[in-house]
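Visitor: One structure, pasted below without further comment.
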Amino acid sequence: MSSGADAVGPDVVGPDAALVVIDMQDVFAVPPSPWASPDYPRALAGTRRLLPAFTGRTVLTRYVAPAVPDGAWRAYFDQWPFALVPEDDPLYEITDLADVVAAGAPVVTRTTFGKWGPELAAATRDAGTLVVAGVATDCCVISTALAAADAGRRVLVVEDACAGSTPENHERALEIMRLYAPLIEVATVADMLGAL
């Protein structure tokens with residue numbers, strides 16, 4: 001773990017742990033999308049390192065815009081009209097991990113930043129521990145991690161398999177999530193692979 005904490009122990013990461021890969025989509029990866037994360041390549045590389053350890057226990061999530069924004073989402077999409085496209089638009093494709101999807105990993109699609117809910121609980125087979133990677137640390141990752149922790153799941157956020165909207169926002173989000181220990185812990189790819 002980071003910040004001088006003890007490393008993730010093997011008693012924490014059991015055989016039922018699931019890898020949840022949050023929103024590794026073109027909209028967060030490919031400029032000129034204004035949502036493209038500058039550290040997306042690092043998050044992808046870290047996620048790729050984790051995948052072999054979670055064969056058959058990996059779930060991907062996907063953000064899509066609502067067909068008709070409601071409530072506060074109307075003002076949000078007034079600011080980001082480029083993203084108000086149908087869910088089958090190439091902008092929302094999981095391109096870099098298409099092989100994982102083709103191999104049968106389930107994909108949970110939601111119109112909310114947080115992906116936790118009955119669909120993700122079912123797709124992870126109600127795993128007690130969720131290992132979380134993906135983008136953006138300061139948006140969809142933190143929203144998912146907090147809700148899953150509230151639901152009683154132990155959440156291990158893999159800092160070098162995540163990327164934020166900026167490097168600074170990535171670090172801020174990690175610091176916020178560290179406040180939720182032991183419900184949420186922040187680890188590295190090396191920590192995780194050493195604990196499995």
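Chain labels follow the order of the structure tokens: the first chain is A, the next B, and so on; residue numbering restarts at 1 in every chain, and ligands are counted from 1 in their shown order.
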Extract, using only C-alpha atoms, all DNA, RNA and protein residues at most 6 Å from region 102-113 of chain A, discarding same-chain residues fewer than 6 positions from it, and format them as a PDB file with C-alpha atoms, in the first residue's frame.
Guide:
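And here's selection.pdb as it stands now:
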```pdb
ATOM      1  CA  THR A  58     -13.285  -9.820 -14.060  1.00  0.00           C
ATOM      2  CA  VAL A  59     -16.181  -7.440 -14.687  1.00  0.00           C
ATOM      3  CA  LEU A  60     -16.009  -4.323 -16.844  1.00  0.00           C
ATOM      4  CA  THR A  61     -18.262  -1.316 -16.511  1.00  0.00           C
ATOM      5  CA  ARG A  62     -19.306   1.236 -19.077  1.00  0.00           C
ATOM      6  CA  TYR A  63     -20.673   4.741 -18.721  1.00  0.00           C
ATOM      7  CA  VAL A  64     -23.246   5.926 -21.256  1.00  0.00           C
ATOM      8  CA  ALA A  65     -25.244   9.132 -21.398  1.00  0.00           C
ATOM      9  CA  PRO A  66     -28.927   8.937 -20.540  1.00  0.00           C
ATOM     10  CA  CYS A 140     -16.530   7.017 -11.650  1.00  0.00           C
TER      11      CYS A 140
END
```
Visitor: Would you please give, as a ChimeraX atom specification, all residues of chain A that DSSP assigns to strand (DSSP E or B) based on the backbone?
Guide: /A:18-22,58-63,107-110,129-135,154-163,184-187
Visitor: Near Ala181 (chain A), within 10 Å and counting only C-alpha atoms, which residues show up once chain neighbours fewer than 6 positions away are dropped, as a compact mmCIF listing (two decimals) with N, CA, C and O atoms, in the first residue's frame?
Guide:
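Writing the result to around_38.txt gives the following:
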```
# COMPACT_ATOMS: atom_id res chain seq x y z
N ALA A 149 -18.43 0.13 -0.83
CA ALA A 149 -18.02 0.03 0.57
C ALA A 149 -19.23 0.21 1.49
O ALA A 149 -19.37 -0.52 2.49
N ARG A 154 -15.48 -5.03 0.75
CA ARG A 154 -14.13 -4.49 0.95
C ARG A 154 -13.64 -4.08 -0.42
O ARG A 154 -13.71 -4.85 -1.38
N VAL A 155 -13.14 -2.86 -0.52
CA VAL A 155 -12.73 -2.30 -1.80
C VAL A 155 -11.23 -2.02 -1.77
O VAL A 155 -10.75 -1.30 -0.87
N LEU A 156 -10.52 -2.58 -2.72
CA LEU A 156 -9.09 -2.33 -2.89
C LEU A 156 -8.90 -1.57 -4.19
O LEU A 156 -9.10 -2.13 -5.28
```
Visitor: Find the residues of region 62-100 of chain A that sit at most 8 Å from region 19-31 of chain A; for each, write down the nearest two atoms and how far apart they are in Å, to one decimal. Count only C-alpha atoms. Sort by chain, then by number going up, and give it as a tab-separated table.
Guide:
```
residue	atom	partner	partner_atom	distance
A:Arg62	CA	A:Asp23	CA	4.6
A:Tyr63	CA	A:Asp23	CA	6.0
A:Pro90	CA	A:Asp26	CA	7.4
A:Leu91	CA	A:Val27	CA	5.0
A:Tyr92	CA	A:Gln25	CA	5.7
A:Glu93	CA	A:Gln25	CA	5.4
A:Ile94	CA	A:Gln25	CA	4.4
A:Thr95	CA	A:Gln25	CA	6.5
A:Asp96	CA	A:Met24	CA	7.5
A:Leu97	CA	A:Met24	CA	7.5
```
Visitor: Please produce an output containing C-alpha atoms for each residue in the selection, written as a PDB file, in the first residue's frame.
Guide:
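Saved to again35.pdb:
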```pdb
ATOM      1  CA  ARG A  62     -19.306   1.236 -19.077  1.00  0.00           C
ATOM      2  CA  TYR A  63     -20.673   4.741 -18.721  1.00  0.00           C
ATOM      3  CA  PRO A  90     -18.022   4.645 -30.823  1.00  0.00           C
ATOM      4  CA  LEU A  91     -17.290   7.192 -28.093  1.00  0.00           C
ATOM      5  CA  TYR A  92     -18.581   4.690 -25.505  1.00  0.00           C
ATOM      6  CA  GLU A  93     -16.773   1.605 -26.835  1.00  0.00           C
ATOM      7  CA  ILE A  94     -14.436  -0.496 -24.707  1.00  0.00           C
ATOM      8  CA  THR A  95     -11.788  -0.689 -27.405  1.00  0.00           C
ATOM      9  CA  ASP A  96      -8.545  -1.349 -25.532  1.00  0.00           C
ATOM     10  CA  LEU A  97     -10.042  -4.259 -23.572  1.00  0.00           C
TER      11      LEU A  97
END
```
Visitor: Which neighbours of Ala67 (chain A) fall inside 10 Å, counting only C-alpha atoms, when residues of the same chain fewer than 4 positions from it are skipped, and could you give them as a list in words?
Guide: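 In the requested form, the answer reads Leu84, Val85, Pro86, Glu87 and Thr111 of chain A.
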Visitor: Which distance in Å separates CA of Ala195 (chain A) and CA of Ser165 (chain A), to one decimal?
Guide: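 One can read the CA of Ala195 (chain A) to CA of Ser165 (chain A) distance as 28.7 Å.
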Visitor: Per DSSP on the backbone, filter region 7-50 of chain A down to the residues in alpha helix (DSSP H) and report them as a PyMOL selection string.
Guide: chain A and resi 26-29+40-50
